[in-house]
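For reference, run.txt (compact mmCIF, C-alpha atoms):
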# COMPACT_ATOMS: atom_id res chain seq x y z
CA MET N 1 76.96 5.60 -59.58
CA PRO N 2 78.63 7.07 -56.46
CA ASN N 3 78.95 5.01 -53.30
CA LYS N 4 76.35 5.43 -50.56
CA THR N 5 77.39 7.99 -47.97
CA THR N 6 77.48 6.95 -44.31
CA PRO N 7 75.10 8.72 -41.89
CA LYS N 8 78.10 10.33 -40.18
CA LYS N 9 79.47 11.73 -43.43
CA ALA N 10 75.97 12.84 -44.50
CA LYS N 11 75.70 14.85 -41.28
CA GLN N 12 79.08 16.44 -41.96
CA ILE N 13 78.03 17.39 -45.48
CA MET N 14 74.82 19.01 -44.31
CA ALA N 15 76.57 20.83 -41.47
CA ILE N 16 78.88 22.48 -44.00
CA LEU N 17 76.10 23.30 -46.43
CA THR N 18 73.73 24.70 -43.82
CA GLN N 19 76.49 27.00 -42.63
CA LYS N 20 77.25 28.17 -46.17
CA TYR N 21 73.57 28.73 -47.00
CA SER N 22 72.36 29.82 -43.58
CA HIS N 23 70.42 32.63 -45.29
CA ALA N 24 68.55 30.24 -47.58
CA LYS N 25 64.78 30.53 -47.72
CA CYS N 26 61.90 29.96 -50.11
CA GLU N 27 62.26 32.52 -52.90
CA LEU N 28 58.63 32.57 -54.01
CA ILE N 29 56.73 35.76 -53.17
CA TYR N 30 53.51 35.22 -51.18
CA ASN N 31 51.41 36.72 -48.39
CA SER N 32 49.41 33.70 -47.25
CA PRO N 33 49.42 29.89 -47.33
CA PHE N 34 46.97 30.08 -50.24
CA GLN N 35 49.27 32.32 -52.26
CA LEU N 36 52.26 30.08 -51.61
CA LEU N 37 50.26 27.02 -52.67
CA ILE N 38 49.25 28.68 -55.93
CA SER N 39 52.81 29.91 -56.52
CA VAL N 40 54.25 26.42 -56.05
CA ILE N 41 51.71 24.93 -58.47
CA LEU N 42 52.77 27.55 -61.02
CA SER N 43 56.46 26.83 -60.42
CA ALA N 44 56.32 23.30 -61.85
CA GLN N 45 58.91 23.13 -64.67
CA CYS N 46 59.45 26.84 -64.23
CA THR N 47 61.82 29.04 -62.22
CA ASP N 48 60.83 30.93 -59.09
CA LYS N 49 61.87 34.17 -60.80
CA GLN N 50 59.46 33.56 -63.64
CA VAL N 51 56.64 32.81 -61.20
CA ASN N 52 57.42 35.91 -59.14
CA ARG N 53 56.99 38.03 -62.26
CA VAL N 54 53.35 36.98 -62.71
CA THR N 55 51.99 36.35 -59.21
CA PRO N 56 51.88 39.98 -57.96
CA ASN N 57 49.44 40.82 -60.75
CA LEU N 58 47.58 37.53 -60.37
CA PHE N 59 47.08 38.08 -56.64
CA LYS N 60 46.04 41.69 -57.22
CA TYR N 61 42.88 40.25 -58.77
CA TYR N 62 42.69 36.89 -56.97
CA ALA N 63 44.24 37.22 -53.51
CA ASN N 64 42.34 34.34 -51.93
CA ALA N 65 40.61 31.08 -52.78
CA PHE N 66 37.13 32.60 -52.94
CA LYS N 67 38.15 35.10 -55.63
CA LEU N 68 40.17 32.62 -57.68
CA ALA N 69 37.41 29.99 -57.50
CA ASN N 70 35.12 32.40 -59.36
CA ALA N 71 37.73 33.63 -61.83
CA ASP N 72 37.32 33.71 -65.58
CA ILE N 73 39.84 31.19 -66.89
CA ASN N 74 40.74 33.32 -69.90
CA HIS N 75 41.64 36.21 -67.62
CA VAL N 76 43.81 33.92 -65.49
CA LYS N 77 45.53 32.57 -68.61
CA GLU N 78 46.22 36.13 -69.73
CA LEU N 79 47.80 36.95 -66.36
CA ILE N 80 50.12 33.91 -66.32
CA ASN N 81 50.77 33.33 -70.04
CA SER N 82 54.49 34.08 -69.74
CA ILE N 83 55.15 30.86 -67.81
CA GLY N 84 55.28 27.35 -69.18
CA PHE N 85 52.12 25.21 -69.45
CA PHE N 86 49.99 28.22 -68.50
CA ASN N 87 46.81 26.72 -69.99
CA THR N 88 46.96 23.64 -67.76
CA LYS N 89 48.15 25.62 -64.76
CA ALA N 90 45.31 28.15 -65.08
CA LYS N 91 42.80 25.30 -65.01
CA ASN N 92 44.55 23.64 -62.06
CA ILE N 93 44.77 26.71 -59.83
CA ILE N 94 41.11 27.62 -60.41
CA ASN N 95 39.99 24.05 -59.67
CA CYS N 96 42.30 23.96 -56.65
CA ALA N 97 40.71 27.15 -55.32
CA ARG N 98 37.23 25.72 -55.84
CA VAL N 99 38.06 22.60 -53.82
CA LEU N 100 39.55 24.76 -51.06
CA VAL N 101 36.31 26.75 -50.91
CA GLU N 102 34.03 23.71 -51.09
CA LYS N 103 35.89 21.50 -48.60
CA TYR N 104 38.00 23.78 -46.41
CA ASN N 105 36.22 27.15 -46.35
CA GLY N 106 38.99 28.65 -48.46
CA GLN N 107 41.78 27.59 -46.11
CA VAL N 108 44.80 25.48 -47.04
CA PRO N 109 44.78 22.13 -45.19
CA GLU N 110 47.78 21.23 -43.04
CA SER N 111 48.21 17.57 -43.93
CA ILE N 112 49.91 15.98 -46.90
CA GLU N 113 47.03 13.54 -47.36
CA LYS N 114 44.57 16.40 -47.92
CA LEU N 115 46.95 18.57 -49.91
CA VAL N 116 47.79 15.92 -52.53
CA GLU N 117 44.07 15.51 -53.25
CA LEU N 118 43.91 19.09 -54.52
CA PRO N 119 44.04 19.67 -58.32
CA GLY N 120 47.57 20.36 -59.50
CA VAL N 121 49.16 19.37 -56.19
CA GLY N 122 51.67 16.56 -55.95
CA ARG N 123 53.79 15.44 -53.05
CA LYS N 124 56.58 17.93 -53.81
CA THR N 125 54.18 20.88 -53.86
CA ALA N 126 52.48 19.71 -50.67
CA ASN N 127 55.80 19.35 -48.85
CA VAL N 128 56.87 22.89 -49.81
CA VAL N 129 53.68 24.30 -48.29
CA LEU N 130 53.91 22.13 -45.18
CA GLY N 131 57.52 23.09 -44.57
CA VAL N 132 57.47 26.78 -45.43
CA VAL N 133 54.19 28.05 -43.97
CA PHE N 134 53.21 25.34 -41.50
CA ASN N 135 56.70 24.65 -40.11
CA GLN N 136 56.36 20.90 -40.58
CA ARG N 137 59.36 18.74 -41.39
CA ALA N 138 59.08 17.81 -45.06
CA TRP N 139 61.46 16.95 -47.88
CA THR N 140 60.92 18.79 -51.17
CA VAL N 141 62.22 16.38 -53.79
CA ASP N 142 62.51 18.49 -56.95
CA THR N 143 65.02 18.04 -59.77
CA HIS N 144 67.80 19.68 -57.72
CA LEU N 145 67.21 17.50 -54.67
CA ASN N 146 66.97 14.40 -56.84
CA ARG N 147 70.32 15.18 -58.48
CA LEU N 148 72.17 16.21 -55.32
CA SER N 149 70.87 13.34 -53.20
CA ASN N 150 72.31 10.91 -55.72
CA ARG N 151 75.57 12.75 -56.29
CA LEU N 152 76.19 13.09 -52.56
CA GLY N 153 75.38 9.42 -52.00
CA PHE N 154 72.34 10.05 -49.79
CA THR N 155 70.34 7.67 -51.98
CA ASP N 156 70.68 5.52 -55.08
CA LYS N 157 67.02 5.85 -56.03
CA SER N 158 65.49 7.81 -58.91
CA ASP N 159 61.82 7.89 -57.90
CA PRO N 160 61.04 11.05 -55.84
CA TYR N 161 59.03 9.14 -53.23
CA ASP N 162 61.80 6.58 -52.74
CA ILE N 163 64.35 9.38 -52.42
CA GLU N 164 62.18 11.10 -49.83
CA MET N 165 61.94 7.91 -47.78
CA ASP N 166 65.73 7.40 -47.91
CA LEU N 167 66.31 10.98 -46.77
CA ILE N 168 63.86 10.59 -43.91
CA LYS N 169 65.78 7.54 -42.70
CA LEU N 170 69.17 9.22 -43.14
CA PHE N 171 68.26 12.48 -41.38
CA LYS N 172 65.80 11.26 -38.76
CA ASN N 173 65.73 14.20 -36.36
CA ASP N 174 66.76 17.10 -38.56
CA ASP N 175 65.02 20.05 -40.19
CA TRP N 176 64.08 18.47 -43.50
CA SER N 177 62.43 21.60 -44.87
CA PHE N 178 65.49 23.76 -44.33
CA TYR N 179 67.77 21.01 -45.61
CA SER N 180 65.65 20.87 -48.79
CA ILE N 181 66.06 24.60 -49.38
CA VAL N 182 69.79 24.42 -48.64
CA LEU N 183 70.32 21.60 -51.14
CA ILE N 184 68.25 23.44 -53.75
CA PHE N 185 70.42 26.55 -53.29
CA HIS N 186 73.57 24.44 -53.61
CA GLY N 187 72.18 22.81 -56.74
CA ARG N 188 71.43 26.16 -58.34
CA GLN N 189 74.74 27.79 -57.46
CA ILE N 190 77.40 25.04 -57.52
CA CYS N 191 76.19 21.46 -58.03
CA LYS N 192 74.55 22.25 -61.36
CA ALA N 193 73.03 19.67 -63.66
CA ILE N 194 75.50 20.49 -66.43
CA SER N 195 79.11 21.41 -65.63
CA PRO N 196 78.93 21.37 -61.81
CA LEU N 197 81.54 23.59 -60.15
CA CYS N 198 83.18 20.73 -58.25
CA THR N 199 86.53 22.43 -57.69
CA ILE N 200 84.97 25.20 -55.57
CA CYS N 201 82.40 22.99 -53.84
CA PRO N 202 82.69 23.23 -50.03
CA VAL N 203 81.88 19.53 -49.60
CA LYS N 204 83.99 18.10 -52.43
CA ASP N 205 86.27 16.25 -49.99
CA LEU N 206 83.22 14.41 -48.62
CA CYS N 207 81.41 13.92 -51.93
CA PRO N 208 81.55 10.39 -53.40
CA SER N 209 80.89 11.74 -56.90
CA PHE N 210 83.91 14.05 -56.70
CA GLU N 211 85.96 11.16 -55.31
CA ASN N 212 84.98 8.99 -58.28
CA LEU N 213 85.80 11.82 -60.67
CA ALA N 214 89.21 12.32 -59.08
CA LYS N 215 89.94 8.60 -59.45
CA LYS N 216 89.02 8.68 -63.13
CA VAL N 217 91.25 11.69 -63.74
CA LYS N 218 94.13 10.03 -61.91
CA LYS N 219 93.65 6.79 -63.87
CA SER N 220 93.53 8.73 -67.13
CA LYS N 221 96.78 10.52 -66.34
CA THR N 222 98.47 7.24 -65.36
CA THR N 223 97.33 5.55 -68.59
CA SER N 224 98.54 8.54 -70.59
CA LYS N 225 102.02 8.33 -68.99
CA ILE N 226 102.27 4.62 -69.77
CA LYS N 227 101.53 5.26 -73.42

Is it possible to give me this structure as structure tokens?
Amino acid sequence: MPNKTTPKKAKQIMAILTQKYSHAKCELIYNSPFQLLISVILSAQCTDKQVNRVTPNLFKYYANAFKLANADINHVKELINSIGFFNTKAKNIINCARVLVEKYNGQVPESIEKLVELPGVGRKTANVVLGVVFNQRAWTVDTHLNRLSNRLGFTDKSDPYDIEMDLIKLFKNDDWSFYSIVLIFHGRQICKAISPLCTICPVKDLCPSFENLAKKVKKSKTTSKIK
């Protein structure tokens, strides 16, 4: 377990990463808050690229909550069957659309309390929507953010909610939504789950995980020389 990073060092890390990934943005394709919400629900345990392959056709038939609420579930399954858990996701997005129509006149609510009550919507999904289309500060704690937050010493927690709370405390006045996207980009490109590219990482000199790794390598070399 890496050491906890100080607030000052955490700021330095994010300054470097936000400069490197200044172009970073949500990669899901959408034309409305509703379409982003549906896309994020579909993206659970699935890549954005996979979701982007099915949503253009899905939204050709069901561009808004009113149309999706009245959709035939077998048709929806057929449209999204190339992504994982499509049976459950088809049910969730139709039910989600129905609640949007019944309670919010087809509009996506702008509060996390209301969003997480929608079928198929958890805190991560809600925070993506709040941050991307409603410009609210929100941490998106997915698998990448979970991994990087621990490796960089921003938190020592494993539960997504606990990680989110630690990040809120650590980066009190910053753009959490953009930081989330930046860390996700870094996780996809360099700080990968398996075989992270530590030697080319722009924040390796500030990263407690890399520091621990360097110590282990040094100790191993020293032990080898003694033998």

With a cut-off of 8 Å, could you pull out the residues of range 9-105 of chain N touching range 123-129 of chain N and give me the nearest pair of atoms for each, distance in Å to one decimal, using all atoms listed in the file, ordered by chain and ascending number, as a Markdown table?
| residue | atom | partner | partner_atom | distance |
| --- | --- | --- | --- | --- |
| N:Pro33 | CA | N:Val129 | CA | 7.1 |
| N:Leu36 | CA | N:Val129 | CA | 6.8 |
| N:Leu37 | CA | N:Val129 | CA | 6.2 |
| N:Val40 | CA | N:Thr125 | CA | 6.0 |
| N:Ile41 | CA | N:Thr125 | CA | 6.6 |

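Here CA of Arg188 in chain N is placed at a distance of 15.1 Å from CA of Leu152 in chain N.
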
Q) Quick one, how far is CA of Lys4 in chain N from CA of His144 in chain N? A) 18.1 Å

With range 79-97 of chain N as the partner and 7 Å as the cut-off, tabulate the residues of range 109-180 of chain N that qualify, each row holding the nearest pair of atoms and their distance in Å to one decimal, using all atoms listed in the file, sorted by chain and rising number, as a tab-separated table.
residue	atom	partner	partner_atom	distance
N:Leu118	CA	N:Cys96	CA	5.6
N:Pro119	CA	N:Cys96	CA	4.9
N:Gly120	CA	N:Asn92	CA	5.1

Q | CA of Asn146 in chain N to CA of Pro160 in chain N, straight-line distance in Å | A | 6.9 Å

Coordinates of box centre and edge lengths for range 56-61 of chain N, 6 Å on every side, axis-aligned, as AutoDock Vina command-line options:
--center_x 47.4 --center_y 39.6 --center_z -58.7 --size_x 21.0 --size_y 16.2 --size_z 16.1

Could you name the residues that touch Lys11 in chain N at 9 Å or less, counting all atoms listed in the file, but leaving out those on the same chain fewer than 4 positions away, as an mmCIF file with C-alpha atoms, in the coordinates of the input?
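Below you can see around07.cif, which holds the result:
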data_model
loop_
_atom_site.group_PDB
_atom_site.id
_atom_site.type_symbol
_atom_site.label_atom_id
_atom_site.label_comp_id
_atom_site.auth_asym_id
_atom_site.auth_seq_id
_atom_site.Cartn_x
_atom_site.Cartn_y
_atom_site.Cartn_z
ATOM 1 C CA THR N 6 77.480 6.950 -44.310
ATOM 2 C CA PRO N 7 75.100 8.720 -41.890
ATOM 3 C CA ALA N 15 76.570 20.830 -41.470
ATOM 4 C CA ILE N 16 78.880 22.480 -44.000
ATOM 5 C CA LEU N 170 69.170 9.220 -43.140
ATOM 6 C CA PHE N 171 68.260 12.480 -41.380
#

**Q.** Residue with smallest distance to Gly106 in chain N - pool N:Phe34, N:Phe210, N:Phe134, N:Phe59, counting only C-alpha atoms
**A.** N:Phe34

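Remark: for Lys204 in chain N, the closest of the candidate residues N:Val54, N:Leu28, N:Leu17, N:Ile181 is N:Leu17 (distances computed over only C-alpha atoms).
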
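Here the question is which of N:Lys20, N:Lys49, N:Lys8, N:His75 gets nearest to Pro202 in chain N using only C-alpha atoms, and that residue is N:Lys20.
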
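Minimum distance to Arg53 in chain N across N:Leu167, N:Val99, N:Ile29, N:Leu68 (counting only C-alpha atoms) occurs at N:Ile29.
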
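In terms of minimum interatomic distance to Asp48 in chain N, N:Ile184 ranks closest within N:Cys201, N:Ile184, N:Asp72, N:Asn135, counting all atoms listed in the file.
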